[in-house]
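Structure data (PDB, C-alpha atoms, pLDDT in the B column) from structure33.pdb:
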```
ATOM      1  CA  MET A1396       0.000   0.000   0.000  1.00 89.00           C
ATOM      2  CA  VAL A1397       1.353   3.395  -0.998  1.00 93.00           C
ATOM      3  CA  LEU A1398       0.119   6.697   0.383  1.00 94.00           C
ATOM      4  CA  VAL A1399      -0.115   9.527  -2.130  1.00 94.00           C
ATOM      5  CA  GLY A1400      -0.150  13.039  -0.693  1.00 94.00           C
ATOM      6  CA  ASP A1401       0.718  14.749   2.566  1.00 97.00           C
ATOM      7  CA  VAL A1402      -1.375  14.008   5.653  1.00 98.00           C
ATOM      8  CA  LYS A1403       1.001  15.351   8.298  1.00 98.00           C
ATOM      9  CA  ASP A1404      -0.948  17.276  10.954  1.00 98.00           C
ATOM     10  CA  ARG A1405      -4.254  16.674   9.150  1.00 98.00           C
ATOM     11  CA  VAL A1406      -7.464  14.786   9.796  1.00 98.00           C
ATOM     12  CA  ALA A1407      -7.822  11.891   7.339  1.00 98.00           C
ATOM     13  CA  ILE A1408     -11.142  10.457   6.198  1.00 98.00           C
ATOM     14  CA  LEU A1409     -11.236   7.069   4.496  1.00 98.00           C
ATOM     15  CA  VAL A1410     -14.321   6.507   2.320  1.00 98.00           C
ATOM     16  CA  ASP A1411     -15.371   3.089   1.043  1.00 97.00           C
ATOM     17  CA  ASP A1412     -18.516   1.394  -0.188  1.00 97.00           C
ATOM     18  CA  MET A1413     -18.222  -1.566   2.159  1.00 96.00           C
ATOM     19  CA  ALA A1414     -15.976  -3.188   4.717  1.00 97.00           C
ATOM     20  CA  ASP A1415     -16.064  -6.899   5.476  1.00 98.00           C
ATOM     21  CA  THR A1416     -13.097  -8.119   7.538  1.00 98.00           C
ATOM     22  CA  CYS A1417     -11.604  -4.590   7.648  1.00 98.00           C
ATOM     23  CA  GLY A1418      -8.037  -5.666   6.968  1.00 98.00           C
ATOM     24  CA  THR A1419      -7.467  -3.162   4.167  1.00 97.00           C
ATOM     25  CA  ILE A1420      -9.131  -0.179   5.806  1.00 98.00           C
ATOM     26  CA  CYS A1421      -7.326  -0.781   9.118  1.00 98.00           C
ATOM     27  CA  HIS A1422      -4.019  -1.078   7.264  1.00 98.00           C
ATOM     28  CA  ALA A1423      -4.792   2.211   5.508  1.00 98.00           C
ATOM     29  CA  ALA A1424      -5.537   3.874   8.858  1.00 98.00           C
ATOM     30  CA  GLU A1425      -2.202   2.763  10.286  1.00 97.00           C
ATOM     31  CA  LYS A1426      -0.439   4.026   7.154  1.00 97.00           C
ATOM     32  CA  LEU A1427      -2.081   7.435   7.590  1.00 98.00           C
ATOM     33  CA  VAL A1428      -1.140   7.689  11.266  1.00 98.00           C
ATOM     34  CA  SER A1429       2.451   6.677  10.568  1.00 97.00           C
ATOM     35  CA  ALA A1430       2.543   9.430   7.916  1.00 98.00           C
ATOM     36  CA  GLY A1431       1.479  12.007  10.509  1.00 98.00           C
ATOM     37  CA  ALA A1432      -2.319  12.193  10.343  1.00 98.00           C
ATOM     38  CA  THR A1433      -3.676  13.555  13.629  1.00 98.00           C
ATOM     39  CA  LYS A1434      -6.989  11.675  13.418  1.00 98.00           C
ATOM     40  CA  VAL A1435      -8.443   9.033  11.116  1.00 98.00           C
ATOM     41  CA  TYR A1436     -12.128   8.425  10.412  1.00 98.00           C
ATOM     42  CA  ALA A1437     -13.749   5.843   8.143  1.00 98.00           C
ATOM     43  CA  ILE A1438     -17.029   6.454   6.351  1.00 98.00           C
ATOM     44  CA  LEU A1439     -18.615   3.304   4.889  1.00 98.00           C
ATOM     45  CA  THR A1440     -21.876   2.648   3.103  1.00 97.00           C
ATOM     46  CA  HIS A1441     -22.182  -1.007   4.131  1.00 97.00           C
ATOM     47  CA  GLY A1442     -20.511  -2.308   7.286  1.00 97.00           C
ATOM     48  CA  ILE A1443     -20.500  -6.081   6.949  1.00 98.00           C
ATOM     49  CA  PHE A1444     -17.955  -6.582   9.757  1.00 98.00           C
ATOM     50  CA  SER A1445     -17.359 -10.332   9.617  1.00 98.00           C
ATOM     51  CA  GLY A1446     -14.655 -12.469  11.205  1.00 98.00           C
ATOM     52  CA  PRO A1447     -11.914 -10.366  12.828  1.00 98.00           C
ATOM     53  CA  ALA A1448     -13.410  -7.017  11.764  1.00 98.00           C
ATOM     54  CA  LEU A1449     -14.517  -5.754  15.184  1.00 98.00           C
ATOM     55  CA  SER A1450     -11.245  -6.695  16.827  1.00 98.00           C
ATOM     56  CA  ARG A1451      -9.317  -4.992  14.035  1.00 98.00           C
ATOM     57  CA  ILE A1452     -11.366  -1.803  14.343  1.00 98.00           C
ATOM     58  CA  ASN A1453     -10.992  -1.768  18.137  1.00 98.00           C
ATOM     59  CA  ASN A1454      -7.220  -2.113  17.788  1.00 98.00           C
ATOM     60  CA  ALA A1455      -6.865   0.368  14.929  1.00 98.00           C
ATOM     61  CA  SER A1456      -6.295   4.082  15.336  1.00 97.00           C
ATOM     62  CA  PHE A1457      -9.737   5.195  14.150  1.00 98.00           C
ATOM     63  CA  GLU A1458     -11.508   7.961  16.001  1.00 98.00           C
ATOM     64  CA  ALA A1459     -14.757   6.563  14.574  1.00 98.00           C
ATOM     65  CA  VAL A1460     -16.044   4.249  11.871  1.00 98.00           C
ATOM     66  CA  VAL A1461     -19.316   5.616  10.514  1.00 98.00           C
ATOM     67  CA  VAL A1462     -21.647   3.345   8.536  1.00 98.00           C
ATOM     68  CA  THR A1463     -25.201   3.480   7.261  1.00 97.00           C
ATOM     69  CA  ASN A1464     -27.809   1.125   8.641  1.00 96.00           C
ATOM     70  CA  THR A1465     -28.279  -0.841   5.414  1.00 95.00           C
ATOM     71  CA  ILE A1466     -27.122  -3.709   7.629  1.00 96.00           C
ATOM     72  CA  PRO A1467     -28.222  -3.707  11.307  1.00 96.00           C
ATOM     73  CA  GLN A1468     -25.314  -2.577  13.519  1.00 96.00           C
ATOM     74  CA  GLU A1469     -26.718  -2.570  17.065  1.00 96.00           C
ATOM     75  CA  GLU A1470     -25.070  -5.849  18.135  1.00 96.00           C
ATOM     76  CA  LYS A1471     -21.745  -4.941  16.558  1.00 97.00           C
ATOM     77  CA  MET A1472     -21.791  -1.525  18.222  1.00 97.00           C
ATOM     78  CA  LYS A1473     -21.991  -3.260  21.627  1.00 97.00           C
ATOM     79  CA  HIS A1474     -18.623  -4.909  20.933  1.00 97.00           C
ATOM     80  CA  CYS A1475     -16.999  -2.015  19.120  1.00 98.00           C
ATOM     81  CA  PRO A1476     -17.599   1.481  20.511  1.00 97.00           C
ATOM     82  CA  LYS A1477     -15.875   3.114  17.529  1.00 98.00           C
ATOM     83  CA  ILE A1478     -18.770   2.160  15.238  1.00 98.00           C
ATOM     84  CA  GLN A1479     -21.435   4.813  14.709  1.00 98.00           C
ATOM     85  CA  PHE A1480     -24.307   4.656  12.257  1.00 96.00           C
ATOM     86  CA  ILE A1481     -26.344   7.017  10.134  1.00 96.00           C
ATOM     87  CA  ASP A1482     -30.003   6.098   9.682  1.00 95.00           C
ATOM     88  CA  ILE A1483     -30.874   6.202   5.978  1.00 94.00           C
ATOM     89  CA  SER A1484     -34.324   4.645   6.270  1.00 93.00           C
ATOM     90  CA  MET A1485     -36.153   7.902   5.465  1.00 93.00           C
ATOM     91  CA  ILE A1486     -34.194   8.559   2.283  1.00 93.00           C
ATOM     92  CA  LEU A1487     -34.612   4.951   1.122  1.00 94.00           C
ATOM     93  CA  ALA A1488     -38.342   5.093   1.816  1.00 94.00           C
ATOM     94  CA  GLU A1489     -38.651   8.352  -0.101  1.00 95.00           C
ATOM     95  CA  ALA A1490     -36.639   6.948  -3.034  1.00 96.00           C
ATOM     96  CA  ILE A1491     -38.969   3.913  -3.167  1.00 97.00           C
ATOM     97  CA  ARG A1492     -42.053   6.136  -2.946  1.00 96.00           C
ATOM     98  CA  ARG A1493     -40.771   8.396  -5.733  1.00 96.00           C
ATOM     99  CA  THR A1494     -39.893   5.431  -7.946  1.00 97.00           C
ATOM    100  CA  HIS A1495     -43.320   3.877  -7.382  1.00 98.00           C
ATOM    101  CA  ASN A1496     -45.076   7.147  -8.230  1.00 98.00           C
ATOM    102  CA  GLY A1497     -42.889   7.946 -11.252  1.00 98.00           C
ATOM    103  CA  GLU A1498     -41.366  10.990  -9.558  1.00 97.00           C
ATOM    104  CA  SER A1499     -37.780  12.223  -9.761  1.00 96.00           C
ATOM    105  CA  VAL A1500     -35.339  10.378  -7.527  1.00 96.00           C
ATOM    106  CA  SER A1501     -32.544  12.813  -8.398  1.00 95.00           C
ATOM    107  CA  TYR A1502     -34.584  15.463  -6.530  1.00 95.00           C
ATOM    108  CA  LEU A1503     -33.291  13.776  -3.345  1.00 94.00           C
ATOM    109  CA  PHE A1504     -29.709  14.812  -4.154  1.00 92.00           C
ATOM    110  CA  SER A1505     -30.547  18.352  -3.059  1.00 93.00           C
ATOM    111  CA  HIS A1506     -33.572  17.741  -0.806  1.00 90.00           C
ATOM    112  CA  VAL A1507     -32.716  15.073   1.751  1.00 82.00           C
ATOM    113  CA  PRO A1508     -35.670  14.132   3.973  1.00 79.00           C
ATOM    114  CA  LEU A1509     -34.895  14.256   7.677  1.00 73.00           C
TER     115      LEU A1509
END
```
Please lay out the structure from this file as structure tokens.
Amino acid sequence: MVLVGDVKDRVAILVDDMADTCGTICHAAEKLVSAGATKVYAILTHGIFSGPALSRINNASFEAVVVTNTIPQEEKMKHCPKIQFIDISMILAEAIRRTHNGESVSYLFSHVPL
């Protein structure tokens, strides 16, 4: 793994679509810290978190690992306090409603329901 760019004295945010065993994202976090990042966060769409994932996250230098609730996270959060989730149920429900009614889904890009 090669880091491109300067992260010294900066907050680093890793973005990924999903994380399963978290080996790669935890390795990336350690790389960022060793290059001088002051804090490291991970933002993930789908947190699968299988096998050694929770242990790896607990032992990694993340401030927080933020995931959506496309997969239930309550049990995993009990074993890994670094995991936080964002509830996307309202936006998914609105996207389904709009699709069903033939309305614009792209409208949601600038008008997120709360």
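Restricting the calculation to only C-alpha atoms, the smallest distance between Ala1430 in chain A and any of A:Ala1407, A:Gly1418, A:Asn1453, A:Val1402 is found for A:Val1402.
The spacing separating CA of His1474 in chain A from CA of Asn1454 in chain A amounts to 12.2 Å.
Counting from CA of Val1399 in chain A, the distance to CA of Ala1459 in chain A is 22.4 Å.
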Given the PyMOL selection byres ((chain A and resi 1440-1451) around 12), the residues it picks as a PyMOL selection string:
chain A and resi 1409-1422+1424-1425+1437-1439+1452-1457+1460-1483
Give the answer as one residue: which of A:Leu1503, A:Ala1432, A:Leu1509, A:Ile1408 has the shortest atom-to-atom distance to Ser1484 in chain A, using all atoms listed in the file?
A:Leu1509
Name the residues captured by the PyMOL selection byres ((chain A and resi 1405) around 9) when it is applied to the shown file; answer as number ranges by chain.
A: 1401-1404, 1406-1407, 1431-1435
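Atom pair CA of Glu1458 in chain A / CA of Leu1427 in chain A has a distance of 12.6 Å (rounded to one decimal).
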Show me, as number ranges by chain, the residues that have an atom within 7 Å of Val1500 in chain A when counting only C-alpha atoms, minus same-chain residues fewer than 6 positions from it.
A: 1490, 1493-1494
